$ cat work35.cif   # mmCIF, C-alpha atoms (C1' of nucleotides) and all ligand atoms
data_query
loop_
_atom_site.label_atom_id
_atom_site.label_comp_id
_atom_site.auth_asym_id
_atom_site.auth_seq_id
_atom_site.Cartn_x
_atom_site.Cartn_y
_atom_site.Cartn_z
CA MET P 249 -5.71 -22.96 23.64
CA SER P 250 -8.07 -20.62 21.83
CA CYS P 251 -8.49 -20.82 18.12
CA GLY P 252 -7.11 -17.32 17.58
CA LYS P 253 -4.09 -17.97 19.74
CA ARG P 254 -3.20 -21.14 17.88
CA LEU P 255 -3.44 -19.35 14.55
CA ALA P 256 -1.22 -16.52 15.80
CA GLU P 257 1.31 -19.06 16.98
CA GLN P 258 1.38 -20.71 13.57
CA LEU P 259 1.95 -17.32 12.01
CA HIS P 260 4.89 -16.74 14.32
CA GLU P 261 6.38 -20.16 13.68
CA ARG P 262 6.38 -19.46 9.98
CA GLY P 263 8.40 -16.30 10.44
CA TYR P 264 5.66 -13.69 10.22
CA ARG P 265 5.21 -10.96 12.81
CA VAL P 266 2.11 -11.27 14.88
CA THR P 267 0.16 -8.03 14.76
CA ALA P 268 -3.34 -7.22 15.96
CA GLN P 269 -4.36 -6.69 12.35
CA ARG P 270 -3.11 -10.07 11.18
CA THR P 271 -4.59 -11.90 14.15
CA ILE P 272 -8.01 -10.34 13.82
CA ILE P 273 -8.14 -10.63 10.03
CA LEU P 274 -7.17 -14.28 10.30
CA GLU P 275 -9.84 -14.94 12.91
CA THR P 276 -12.41 -13.11 10.83
CA ILE P 277 -11.70 -15.35 7.88
CA ALA P 278 -11.54 -18.44 10.09
CA HIS P 279 -14.94 -17.81 11.63
CA MET P 280 -16.68 -17.52 8.28
CA GLU P 281 -18.16 -20.62 6.80
CA ASN P 282 -17.54 -19.66 3.17
CA HIS P 283 -14.95 -17.76 1.16
CA ILE P 284 -15.35 -14.02 1.80
CA SER P 285 -14.28 -10.91 -0.06
CA ALA P 286 -11.76 -8.30 1.04
CA GLN P 287 -14.62 -5.93 1.72
CA GLN P 288 -16.33 -8.48 3.95
CA VAL P 289 -13.12 -9.23 5.79
CA TYR P 290 -12.68 -5.51 6.27
CA GLU P 291 -16.16 -4.98 7.64
CA GLY P 292 -15.94 -7.94 9.99
CA ALA P 293 -12.47 -7.17 11.30
CA ARG P 294 -13.13 -3.47 11.69
CA GLU P 295 -15.73 -4.20 14.35
CA ARG P 296 -12.92 -5.34 16.61
CA LEU P 297 -10.25 -2.98 15.26
CA PRO P 298 -11.93 0.27 14.21
CA GLY P 299 -8.83 1.96 12.77
CA LEU P 300 -8.23 -0.88 10.32
CA ASN P 301 -7.58 0.12 6.72
CA LEU P 302 -8.71 -1.76 3.64
CA ALA P 303 -5.20 -1.64 2.18
CA THR P 304 -4.02 -3.53 5.24
CA VAL P 305 -6.59 -6.21 4.53
CA TYR P 306 -5.19 -6.67 1.05
CA ARG P 307 -1.60 -6.72 2.26
CA THR P 308 -2.49 -9.09 5.06
CA VAL P 309 -4.27 -11.66 2.94
CA GLU P 310 -1.21 -11.63 0.71
CA SER P 311 0.96 -12.43 3.73
CA LEU P 312 -1.44 -15.05 5.05
CA LYS P 313 -1.41 -16.67 1.64
CA GLY P 314 2.37 -16.68 1.73
CA ALA P 315 2.23 -18.32 5.14
CA GLY P 316 -0.02 -20.99 3.68
CA MET P 317 -2.78 -20.13 6.11
CA ILE P 318 -5.51 -19.06 3.72
CA ASN P 319 -6.76 -19.98 0.28
CA MET P 320 -7.79 -17.57 -2.43
CA LEU P 321 -10.67 -18.14 -4.77
CA SER P 322 -11.15 -16.05 -7.89
CA THR P 323 -14.31 -16.82 -9.81
CA GLY P 324 -14.57 -15.10 -13.16
CA GLY P 325 -15.70 -11.51 -12.82
CA GLU P 326 -16.31 -11.42 -9.08
CA PRO P 327 -13.70 -10.03 -6.68
CA MET P 328 -11.19 -12.35 -5.04
CA ARG P 329 -12.38 -14.23 -1.95
CA PHE P 330 -10.57 -15.86 0.94
CA SER P 331 -10.99 -18.81 3.26
CA LEU P 332 -9.03 -20.46 6.05
CA CYS P 333 -6.75 -23.16 4.75
CA ASP P 334 -7.97 -26.29 6.49
CA PRO P 335 -5.45 -29.14 6.18
CA GLU P 336 -8.25 -31.50 7.22
CA HIS P 337 -10.20 -30.65 4.11
CA PRO P 338 -8.02 -29.87 1.10
CA HIS P 339 -10.10 -29.20 -2.00
CA SER P 340 -10.44 -27.31 -5.25
CA HIS P 341 -13.40 -25.69 -6.94
CA LEU P 342 -15.42 -26.05 -10.10
CA VAL P 343 -17.11 -22.82 -11.12
CA CYS P 344 -19.91 -22.77 -13.69
CA ARG P 345 -19.25 -20.02 -16.17
CA GLU P 346 -22.96 -19.70 -16.96
CA CYS P 347 -24.73 -19.68 -13.60
CA GLY P 348 -21.78 -19.10 -11.29
CA SER P 349 -22.53 -22.07 -9.08
CA ILE P 350 -19.55 -23.55 -7.26
CA PHE P 351 -18.78 -27.20 -6.53
CA GLU P 352 -16.01 -28.66 -4.45
CA LEU P 353 -13.56 -31.17 -5.79
CA GLU P 354 -11.87 -33.41 -3.25
CA ALA P 355 -8.10 -33.31 -3.10
CA GLU P 356 -7.63 -36.93 -4.15
CA GLU P 357 -8.96 -35.98 -7.56
CA ILE P 358 -6.00 -33.74 -8.18
CA GLU P 359 -3.26 -35.22 -6.03
CA ALA P 360 -2.06 -37.72 -8.61
CA PHE P 361 -2.05 -34.99 -11.21
CA ALA P 362 -0.05 -32.61 -9.01
CA ARG P 363 2.46 -35.32 -8.18
CA ARG P 364 2.95 -36.17 -11.82
CA VAL P 365 3.50 -32.54 -12.71
CA GLU P 366 6.12 -32.33 -9.97
CA GLU P 367 7.89 -35.37 -11.33
CA THR P 368 7.97 -34.31 -14.95
CA THR P 369 8.84 -30.67 -14.30
CA SER P 370 10.84 -30.52 -11.05
CA PHE P 371 8.54 -27.65 -10.14
CA ARG P 372 7.03 -27.77 -6.64
CA ILE P 373 3.28 -27.26 -6.88
CA ASP P 374 1.68 -25.29 -4.04
CA SER P 375 -0.78 -27.29 -1.99
CA VAL P 376 -3.35 -26.86 -4.65
CA HIS P 377 -6.62 -24.95 -4.27
CA LEU P 378 -7.36 -24.89 -7.97
CA THR P 379 -10.30 -23.22 -9.62
CA LEU P 380 -11.54 -24.88 -12.78
CA GLU P 381 -14.06 -23.18 -15.01
CA GLY P 382 -16.64 -24.89 -17.10
CA LEU P 383 -20.32 -25.70 -17.32
CA CYS P 384 -22.34 -27.40 -14.61
CA GLN P 385 -24.58 -30.34 -15.36
CA ILE P 386 -27.61 -28.13 -15.90
CA CYS P 387 -26.01 -25.35 -17.94
CA LYS P 388 -24.17 -27.69 -20.29
CA GLN P 389 -27.52 -28.91 -21.63
CA LYS P 390 -28.64 -25.47 -22.76
CA PRO P 391 -27.46 -23.95 -26.05
CA ALA P 392 -24.59 -21.45 -25.89
CA ALA P 393 -25.29 -17.73 -25.49
CA SER P 394 -23.36 -14.87 -27.07
CA MET Q 231 -7.69 -16.00 -46.72
CA SER Q 232 -5.97 -13.52 -44.41
CA CYS Q 233 -5.41 -14.34 -40.80
CA GLY Q 234 -7.64 -11.52 -39.61
CA LYS Q 235 -10.45 -12.51 -41.95
CA ARG Q 236 -10.39 -16.10 -40.78
CA LEU Q 237 -10.56 -15.03 -37.15
CA ALA Q 238 -13.48 -12.71 -37.87
CA GLU Q 239 -15.26 -15.54 -39.61
CA GLN Q 240 -14.81 -17.80 -36.62
CA LEU Q 241 -16.22 -15.09 -34.43
CA HIS Q 242 -19.28 -14.86 -36.65
CA GLU Q 243 -19.75 -18.63 -36.76
CA ARG Q 244 -19.85 -18.71 -33.00
CA GLY Q 245 -22.66 -16.19 -32.87
CA TYR Q 246 -20.74 -13.02 -32.04
CA ARG Q 247 -21.11 -9.79 -33.98
CA VAL Q 248 -18.09 -8.86 -36.00
CA THR Q 249 -17.08 -5.30 -35.17
CA ALA Q 250 -13.97 -3.37 -36.08
CA GLN Q 251 -13.03 -3.32 -32.39
CA ARG Q 252 -13.28 -7.08 -31.99
CA THR Q 253 -11.46 -7.80 -35.21
CA ILE Q 254 -8.58 -5.47 -34.47
CA ILE Q 255 -8.28 -6.48 -30.82
CA LEU Q 256 -8.22 -10.12 -31.85
CA GLU Q 257 -5.56 -9.49 -34.47
CA THR Q 258 -3.52 -7.48 -32.00
CA ILE Q 259 -3.52 -10.39 -29.58
CA ALA Q 260 -2.90 -12.88 -32.38
CA HIS Q 261 0.17 -11.04 -33.65
CA MET Q 262 1.85 -10.98 -30.26
CA GLU Q 263 4.17 -13.80 -29.40
CA ASN Q 264 3.40 -13.81 -25.67
CA HIS Q 265 0.45 -13.13 -23.41
CA ILE Q 266 -0.22 -9.38 -23.26
CA SER Q 267 -2.06 -7.13 -20.83
CA ALA Q 268 -5.23 -5.12 -21.47
CA GLN Q 269 -3.12 -1.98 -21.56
CA GLN Q 270 -0.84 -3.46 -24.20
CA VAL Q 271 -3.79 -4.66 -26.27
CA TYR Q 272 -5.23 -1.17 -25.99
CA GLU Q 273 -2.05 0.55 -27.12
CA GLY Q 274 -1.52 -1.83 -30.01
CA ALA Q 275 -5.10 -1.79 -31.24
CA ARG Q 276 -5.47 1.96 -30.86
CA GLU Q 277 -2.85 2.52 -33.54
CA ARG Q 278 -5.29 1.13 -36.07
CA LEU Q 279 -8.46 2.34 -34.35
CA PRO Q 280 -7.71 5.65 -32.61
CA GLY Q 281 -11.10 6.10 -30.96
CA LEU Q 282 -10.86 2.78 -29.13
CA ASN Q 283 -11.67 2.82 -25.44
CA LEU Q 284 -10.01 0.73 -22.75
CA ALA Q 285 -13.38 -0.40 -21.43
CA THR Q 286 -14.07 -1.87 -24.83
CA VAL Q 287 -10.85 -3.84 -24.60
CA TYR Q 288 -12.00 -5.35 -21.33
CA ARG Q 289 -15.45 -6.14 -22.62
CA THR Q 290 -14.03 -7.54 -25.82
CA VAL Q 291 -11.56 -9.90 -24.21
CA GLU Q 292 -14.44 -11.16 -22.11
CA SER Q 293 -16.38 -11.89 -25.30
CA LEU Q 294 -13.40 -13.44 -27.05
CA LYS Q 295 -12.89 -15.66 -24.05
CA GLY Q 296 -16.53 -16.67 -24.24
CA ALA Q 297 -16.05 -17.49 -27.90
CA GLY Q 298 -13.11 -19.69 -26.94
CA MET Q 299 -10.75 -17.66 -29.09
CA ILE Q 300 -8.36 -16.40 -26.47
CA ASN Q 301 -6.78 -17.62 -23.25
CA MET Q 302 -6.37 -15.64 -20.07
CA LEU Q 303 -3.38 -15.87 -17.79
CA SER Q 304 -3.43 -14.42 -14.31
CA THR Q 305 -0.12 -14.66 -12.49
CA GLY Q 306 -0.27 -13.61 -8.85
CA GLY Q 307 -0.18 -9.86 -8.46
CA GLU Q 308 0.28 -8.86 -12.07
CA PRO Q 309 -2.66 -7.79 -14.21
CA MET Q 310 -4.46 -10.34 -16.36
CA ARG Q 311 -2.89 -11.16 -19.71
CA PHE Q 312 -4.28 -12.58 -22.93
CA SER Q 313 -3.15 -14.76 -25.80
CA LEU Q 314 -4.65 -16.28 -28.90
CA CYS Q 315 -6.07 -19.71 -28.25
CA ASP Q 316 -4.10 -21.95 -30.56
CA PRO Q 317 -5.73 -25.38 -30.93
CA GLU Q 318 -2.43 -26.63 -32.34
CA HIS Q 319 -0.69 -25.92 -29.07
CA PRO Q 320 -2.91 -26.40 -26.03
CA HIS Q 321 -1.01 -25.86 -22.81
CA SER Q 322 -1.10 -24.66 -19.23
CA HIS Q 323 1.35 -22.67 -17.15
CA LEU Q 324 3.47 -23.11 -14.06
CA VAL Q 325 4.26 -19.81 -12.37
CA CYS Q 326 7.02 -19.54 -9.77
CA ARG Q 327 5.70 -17.63 -6.79
CA GLU Q 328 9.21 -16.48 -5.86
CA CYS Q 329 10.81 -15.31 -9.10
CA GLY Q 330 7.75 -15.07 -11.33
CA SER Q 331 9.21 -17.23 -14.07
CA ILE Q 332 6.69 -19.06 -16.22
CA PHE Q 333 6.93 -22.55 -17.69
CA GLU Q 334 4.59 -24.26 -20.09
CA LEU Q 335 2.97 -27.54 -19.37
CA GLU Q 336 1.87 -29.63 -22.35
CA ALA Q 337 -1.78 -30.49 -22.59
CA GLU Q 338 -1.26 -34.24 -22.29
CA GLU Q 339 -0.15 -33.66 -18.73
CA ILE Q 340 -3.57 -32.44 -17.76
CA GLU Q 341 -5.89 -34.13 -20.23
CA ALA Q 342 -6.33 -37.30 -18.22
CA PHE Q 343 -7.00 -35.23 -15.14
CA ALA Q 344 -9.61 -33.09 -16.88
CA ARG Q 345 -11.34 -36.15 -18.28
CA ARG Q 346 -11.49 -37.79 -14.90
CA VAL Q 347 -12.96 -34.68 -13.33
CA GLU Q 348 -15.60 -34.62 -16.04
CA GLU Q 349 -16.48 -38.24 -15.36
CA THR Q 350 -16.72 -37.97 -11.61
CA THR Q 351 -18.54 -34.66 -11.52
CA SER Q 352 -20.59 -34.40 -14.72
CA PHE Q 353 -19.17 -30.91 -14.98
CA ARG Q 354 -17.80 -29.92 -18.39
CA ILE Q 355 -14.32 -28.47 -17.95
CA ASP Q 356 -13.41 -25.63 -20.30
CA SER Q 357 -10.59 -26.43 -22.68
CA VAL Q 358 -8.12 -25.94 -19.93
CA HIS Q 359 -5.45 -23.22 -19.81
CA LEU Q 360 -4.66 -23.73 -16.14
CA THR Q 361 -2.20 -21.73 -14.11
CA LEU Q 362 -0.50 -23.60 -11.30
CA GLU Q 363 1.51 -21.76 -8.71
CA GLY Q 364 4.53 -23.10 -6.94
CA LEU Q 365 8.30 -22.91 -6.78
CA CYS Q 366 10.61 -23.42 -9.71
CA GLN Q 367 13.59 -25.75 -9.51
CA ILE Q 368 15.92 -22.95 -8.45
CA CYS Q 369 13.69 -21.18 -5.93
CA LYS Q 370 12.60 -24.34 -4.16
CA GLN Q 371 16.18 -24.83 -3.00
CA LYS Q 372 16.37 -21.52 -1.16
CA PRO Q 373 14.91 -21.05 2.35
CA ALA Q 374 11.47 -19.40 2.63
CA ALA Q 375 11.16 -15.62 3.00
CA SER Q 376 8.56 -13.72 5.04
"C1'" DT N 223 13.81 -3.77 30.40
"C1'" DT N 224 15.44 -0.81 26.95
"C1'" DC N 225 17.01 -0.07 22.36
"C1'" DG N 226 17.68 -0.62 17.48
"C1'" DT N 227 16.14 -2.38 13.28
"C1'" DA N 228 13.36 -4.41 10.10
"C1'" DG N 229 8.79 -5.24 9.02
"C1'" DT N 230 3.77 -3.24 9.27
"C1'" DT N 231 0.28 0.05 9.05
"C1'" DG N 232 -2.66 4.10 7.73
"C1'" DC N 233 -3.41 7.31 4.41
"C1'" DA N 234 -3.71 9.11 -0.02
"C1'" DA N 235 -2.93 8.48 -4.64
"C1'" DA N 236 -2.36 5.48 -8.54
"C1'" DG N 237 -3.56 1.56 -11.23
"C1'" DA N 238 -6.73 -2.13 -12.84
"C1'" DT N 239 -11.29 -3.61 -13.98
"C1'" DT N 240 -16.30 -3.16 -14.16
"C1'" DT N 241 -20.68 -0.82 -14.96
"C1'" DG N 242 -24.77 2.50 -16.30
"C1'" DC N 243 -26.34 4.90 -19.79
"C1'" DA N 244 -26.97 7.27 -24.23
"C1'" DT N 245 -25.44 6.69 -28.91
"C1'" DA N 246 -23.84 4.05 -32.75
"C1'" DA N 247 -23.26 0.08 -35.41
"C1'" DA N 248 -24.33 -4.86 -36.77
"C1'" DC N 249 -27.43 -8.04 -38.21
"C1'" DT N 250 -32.39 -9.49 -39.42
"C1'" DT N 251 -36.34 -9.05 -42.01
"C1'" DA N 252 -39.07 -7.21 -45.30
"C1'" DT C 265 -31.75 -1.45 -49.89
"C1'" DA C 266 -34.39 0.41 -45.98
"C1'" DA C 267 -36.19 -0.12 -41.69
"C1'" DG C 268 -36.40 -2.37 -37.07
"C1'" DT C 269 -34.24 -4.90 -33.44
"C1'" DT C 270 -30.48 -6.23 -30.81
"C1'" DT C 271 -25.98 -5.82 -29.30
"C1'" DA C 272 -21.60 -3.17 -28.86
"C1'" DT C 273 -19.17 1.07 -27.94
"C1'" DG C 274 -17.57 5.42 -25.74
"C1'" DC C 275 -17.59 7.99 -21.88
"C1'" DA C 276 -17.68 8.86 -17.13
"C1'" DA C 277 -18.17 7.13 -12.74
"C1'" DA C 278 -17.83 3.31 -9.63
"C1'" DT C 279 -15.44 -0.53 -7.76
"C1'" DC C 280 -11.50 -3.37 -6.75
"C1'" DT C 281 -6.56 -3.72 -5.82
"C1'" DT C 282 -1.86 -2.06 -5.41
"C1'" DT C 283 1.75 1.20 -4.00
"C1'" DG C 284 4.83 5.16 -1.95
"C1'" DC C 285 5.81 7.09 2.05
"C1'" DA C 286 6.05 8.61 6.87
"C1'" DA C 287 4.79 7.06 11.38
"C1'" DC C 288 4.43 3.07 14.22
"C1'" DT C 289 5.24 -1.54 16.29
"C1'" DA C 290 7.05 -6.26 16.95
"C1'" DC C 291 10.70 -8.60 18.46
"C1'" DG C 292 15.62 -10.00 18.97
"C1'" DA C 293 19.87 -8.31 21.10
"C1'" DA C 294 22.02 -5.95 24.64
MN MN P 401 -12.13 -23.43 -1.11
MN MN P 402 -0.61 -19.70 -22.41
ZN ZN P 403 -24.40 -23.65 -14.30
ZN ZN P 404 11.60 -19.28 -9.21
#

$ encode --input "work35.cif" --output "C-alpha cells"
Amino acid sequence: MSCGKRLAEQLHERGYRVTAQRTIILETIAHMENHISAQQVYEGARERLPGLNLATVYRTVESLKGAGMINMLSTGGEPMRFSLCDPEHPHSHLVCRECGSIFELEAEEIEAFARRVEETTSFRIDSVHLTLEGLCQICKQKPAAS
Amino acid sequence: MSCGKRLAEQLHERGYRVTAQRTIILETIAHMENHISAQQVYEGARERLPGLNLATVYRTVESLKGAGMINMLSTGGEPMRFSLCDPEHPHSHLVCRECGSIFELEAEEIEAFARRVEETTSFRIDSVHLTLEGLCQICKQKPAAS
DNA sequence: TTCGTAGTTGCAAAGATTTGCATAAACTTA
DNA sequence: TAAGTTTATGCAAATCTTTGCAACTACGAA
C-alpha cells in the first residue's frame, strides 16, 4: 500500500474525515525531511491542489495534531513548523536561544520524566515532542548579550 | 526599597537599559496574580504611560525574557502570556488539551530531568518553565473527539 | 445508490506578532 | 553637565494565525 493511502487510512481510523486537502497536506509534510512551516506546506500542497487555501493548512495541521499524526515545533521567534510523527523515532528538541541551532533529544531521555509526572499528577502527558530552550555548547561559553 | 525600584535595578545589573516602558511593563506583570497576555499588559501599562505602543510591549517582553525576569506561557491556540519570574517559586505547567485547565508542576519534578539533559548533551537548559500538554484527570476518562 | 447531516473548505476579515525606519531617550565619556 | 554613541520607542506596514460564514463534501443510513 502506498504511503499516502496508509496515512489516509490512519486518519479515518482515528475518526477524522478523509479529504483531498488533508491527504495531500499530510503527504506534503511526510515527504519533507525536516519540520516545515505553514507557508511551505501551503506552497508544496498547492502544486497538487491549486485551489488550496492557507487557512485550510492551519486548520488541517490542527486536526492532524489532534489525530497524533504530526508534531509541532515552535522555536522562539520563528513561525510554527510541522513534521510527520514517526513512532519509530520519538524525540524532542533543544533549541539554542543565541544561534538558533537545533539538536534532537532521544525519547528515552524524557520517558522516565513523563512517566513520573503522570504518576504524581494523574495527568496524561501527550506523547511528548518537547522543545527546550537554552544555550548550545558553543554559545554558553560566550558572555551574555543584551 | 520599592518593588518597582528593585526590579529596575535588576534590569540594570543584567545589562539592560532602564526605560519607563520597561519599568512599567515589568511592574504591570509583577502586580498580576496570573499570567497575562500582551494585550492585557498593554492595557494595564498604558494607564500609567499613555503613549505606550503595543509593539513596545512585544519587544519589551522579549527583552525581559532575555533578562530572565519573566516567564512565558503558550497554551495551544491562545495567545502567549507572561508572568514575573519568581525564584522563590519555580514551576512548570500542565495544560489539558481538552478543557484548557492548567495545573502547576513543582520544580523538583523536572530538576533531575533538566540536569540529566545538561549532562548528556552539554547544552545549558534555561531555568525551565516548561509547558506540557495532555489530558487532565477528568478529560482522560472521556472518549476522544474529532 | 441516494439522501441527510455533520464536518470541511474557501474567502474575507479580524486578531496576534514582528519588523523597518526615523526619532527619542539612556548611558558613556569627557 | 554636555556631547557622542548606542539602544529603545512609536508608528505604520508586513507577516503569521485564527475565525465567521456560506457553499461544499464525506460518509453513514436508508
Ligand atoms: Mn521533531
Ligand atoms: Mn507559570
Ligand atoms: Zn548556540
Ligand atoms: Zn481537561

$ residues_around --input "work35.cif" --residues "DG226 in chain N" --least-positions-apart "3" --cutoff "12 Å" --atoms "only C-alpha atoms (C1' of nucleotides)" --output "list of chain:residue names"
C:DC291, C:DG292, C:DA293, C:DA294

$ interface_residues --input "work35.cif" --of "chain P" --to "chain N" --cutoff "12 Å" --atoms "only C-alpha atoms (C1' of nucleotides)" --output "list in words"
Gly263, Tyr264, Arg265, Val266, Thr267, Ala268, Gln269, Arg270, Pro298, Gly299, Leu300, Asn301, Leu302, Ala303, Thr304, Val305, Tyr306, Arg307, Thr308, Ser311, Gly324, Gly325, Glu326 and Pro327 of chain P

$ residues_near_ligand --input "work35.cif" --ligand "ligand MN 402 (chain P)" --cutoff "7 Å" --atoms "all atoms listed in the file" --output "ChimeraX atom specification"
/Q:265,301,303,313,321-323,359

$ closest_residue --input "work35.cif" --among "Q:Met310, Q:Glu349, Q:Gly298, Q:Gly364" --to "Val325 in chain Q" --atoms "all atoms listed in the file"
Q:Gly364

$ atom_distance --input "work35.cif" --atom1 "CA of Leu362 in chain Q" --atom2 "CA of Ser331 in chain Q"
11.9 Å

$ interface_residues --input "work35.cif" --of "chain C" --to "chain Q" --cutoff "12 Å" --atoms "all atoms listed in the file" --output "list in words"
DT270, DT271, DA272, DT273, DG274, DC275, DA276, DT281 and DT282 of chain C

$ interface_residues --input "work35.cif" --of "chain Q" --to "chain P" --cutoff "10 Å" --atoms "only C-alpha atoms" --output "PyMOL selection string"
chain Q and resi 244-247+292-293+296-297+306-307+324-327+333-335+339-344+346-348+350-370+374-376

$ residues_around --input "work35.cif" --residues "Asn264 in chain Q" --least-positions-apart "3" --cutoff "12 Å" --atoms "all atoms listed in the file" --output "list of chain:residue names"
Q:Thr258, Q:Ile259, Q:Ala260, Q:His261, Q:Ser267, Q:Gln270, Q:Val271, Q:Asn301, Q:Met302, Q:Leu303, Q:Arg311, Q:Phe312, Q:Ser313, Q:Leu314, Q:Cys315, Q:Ile332, Q:Glu334

$ atom_distance --input "work35.cif" --atom1 "CA of Arg345 in chain Q" --atom2 "CA of Glu318 in chain Q"
19.2 Å

$ atom_distance --input "work35.cif" --atom1 "CA of Lys295 in chain Q" --atom2 "CA of Pro317 in chain Q"
13.9 Å

$ residues_around --input "work35.cif" --residues "Pro338 in chain P" --least-positions-apart "3" --cutoff "7 Å" --atoms "all atoms listed in the file" --output "MDAnalysis selection string"
chainID P and resid 334:335 354:355

$ write_last_selection --input "work35.cif" --atoms "C-alpha atoms" --output "short mmCIF file (atom, residue, chain, number, x, y, z; two decimals), keeping the file's coordinate frame"
data_model
loop_
_atom_site.label_atom_id
_atom_site.label_comp_id
_atom_site.auth_asym_id
_atom_site.auth_seq_id
_atom_site.Cartn_x
_atom_site.Cartn_y
_atom_site.Cartn_z
CA ASP P 334 -7.97 -26.29 6.49
CA PRO P 335 -5.45 -29.14 6.18
CA GLU P 354 -11.87 -33.41 -3.25
CA ALA P 355 -8.10 -33.31 -3.10
#

$ build_atoms --input "work35.cif" --residues "range 287-293 of chain P" --atoms "all heavy atoms" --output "PDB file, in the frame of the given file"
ATOM      1  N   GLN P 287     -13.688  -6.875   1.106  1.00  0.00           N
ATOM      2  CA  GLN P 287     -14.620  -5.930   1.720  1.00  0.00           C
ATOM      3  C   GLN P 287     -15.303  -6.548   2.937  1.00  0.00           C
ATOM      4  O   GLN P 287     -15.447  -5.905   3.983  1.00  0.00           O
ATOM      5  CB  GLN P 287     -15.660  -5.527   0.665  1.00  0.00           C
ATOM      6  CG  GLN P 287     -16.618  -4.433   1.106  1.00  0.00           C
ATOM      7  CD  GLN P 287     -15.926  -3.107   1.385  1.00  0.00           C
ATOM      8  OE1 GLN P 287     -15.018  -2.712   0.651  1.00  0.00           O
ATOM      9  NE2 GLN P 287     -16.313  -2.430   2.448  1.00  0.00           N
ATOM     10  N   GLN P 288     -15.684  -7.798   2.830  1.00  0.00           N
ATOM     11  CA  GLN P 288     -16.330  -8.480   3.950  1.00  0.00           C
ATOM     12  C   GLN P 288     -15.356  -8.716   5.100  1.00  0.00           C
ATOM     13  O   GLN P 288     -15.719  -8.584   6.266  1.00  0.00           O
ATOM     14  CB  GLN P 288     -16.914  -9.814   3.486  1.00  0.00           C
ATOM     15  CG  GLN P 288     -18.140  -9.678   2.606  1.00  0.00           C
ATOM     16  CD  GLN P 288     -18.575 -11.023   2.044  1.00  0.00           C
ATOM     17  OE1 GLN P 288     -17.797 -11.714   1.391  1.00  0.00           O
ATOM     18  NE2 GLN P 288     -19.812 -11.403   2.305  1.00  0.00           N
ATOM     19  N   VAL P 289     -14.135  -9.061   4.766  1.00  0.00           N
ATOM     20  CA  VAL P 289     -13.120  -9.230   5.790  1.00  0.00           C
ATOM     21  C   VAL P 289     -12.943  -7.906   6.525  1.00  0.00           C
ATOM     22  O   VAL P 289     -12.940  -7.833   7.758  1.00  0.00           O
ATOM     23  CB  VAL P 289     -11.756  -9.642   5.183  1.00  0.00           C
ATOM     24  CG1 VAL P 289     -10.662  -9.619   6.248  1.00  0.00           C
ATOM     25  CG2 VAL P 289     -11.851 -11.009   4.542  1.00  0.00           C
ATOM     26  N   TYR P 290     -12.864  -6.846   5.736  1.00  0.00           N
ATOM     27  CA  TYR P 290     -12.680  -5.510   6.270  1.00  0.00           C
ATOM     28  C   TYR P 290     -13.801  -5.135   7.227  1.00  0.00           C
ATOM     29  O   TYR P 290     -13.560  -4.715   8.365  1.00  0.00           O
ATOM     30  CB  TYR P 290     -12.621  -4.531   5.099  1.00  0.00           C
ATOM     31  CG  TYR P 290     -12.534  -3.081   5.463  1.00  0.00           C
ATOM     32  CD1 TYR P 290     -11.499  -2.607   6.259  1.00  0.00           C
ATOM     33  CD2 TYR P 290     -13.467  -2.173   4.977  1.00  0.00           C
ATOM     34  CE1 TYR P 290     -11.414  -1.253   6.569  1.00  0.00           C
ATOM     35  CE2 TYR P 290     -13.386  -0.837   5.272  1.00  0.00           C
ATOM     36  CZ  TYR P 290     -12.363  -0.382   6.074  1.00  0.00           C
ATOM     37  OH  TYR P 290     -12.276   0.943   6.370  1.00  0.00           O
ATOM     38  N   GLU P 291     -15.031  -5.333   6.800  1.00  0.00           N
ATOM     39  CA  GLU P 291     -16.160  -4.980   7.640  1.00  0.00           C
ATOM     40  C   GLU P 291     -16.200  -5.792   8.932  1.00  0.00           C
ATOM     41  O   GLU P 291     -16.452  -5.272  10.011  1.00  0.00           O
ATOM     42  CB  GLU P 291     -17.481  -5.142   6.864  1.00  0.00           C
ATOM     43  CG  GLU P 291     -17.695  -4.007   5.883  1.00  0.00           C
ATOM     44  CD  GLU P 291     -18.726  -4.329   4.803  1.00  0.00           C
ATOM     45  OE1 GLU P 291     -19.479  -5.308   4.969  1.00  0.00           O
ATOM     46  OE2 GLU P 291     -18.745  -3.604   3.782  1.00  0.00           O
ATOM     47  N   GLY P 292     -15.921  -7.085   8.794  1.00  0.00           N
ATOM     48  CA  GLY P 292     -15.940  -7.940   9.990  1.00  0.00           C
ATOM     49  C   GLY P 292     -14.819  -7.583  10.955  1.00  0.00           C
ATOM     50  O   GLY P 292     -15.041  -7.416  12.162  1.00  0.00           O
ATOM     51  N   ALA P 293     -13.625  -7.422  10.438  1.00  0.00           N
ATOM     52  CA  ALA P 293     -12.470  -7.170  11.300  1.00  0.00           C
ATOM     53  C   ALA P 293     -12.521  -5.787  11.920  1.00  0.00           C
ATOM     54  O   ALA P 293     -12.087  -5.576  13.054  1.00  0.00           O
ATOM     55  CB  ALA P 293     -11.184  -7.344  10.486  1.00  0.00           C
TER      56      ALA P 293
END
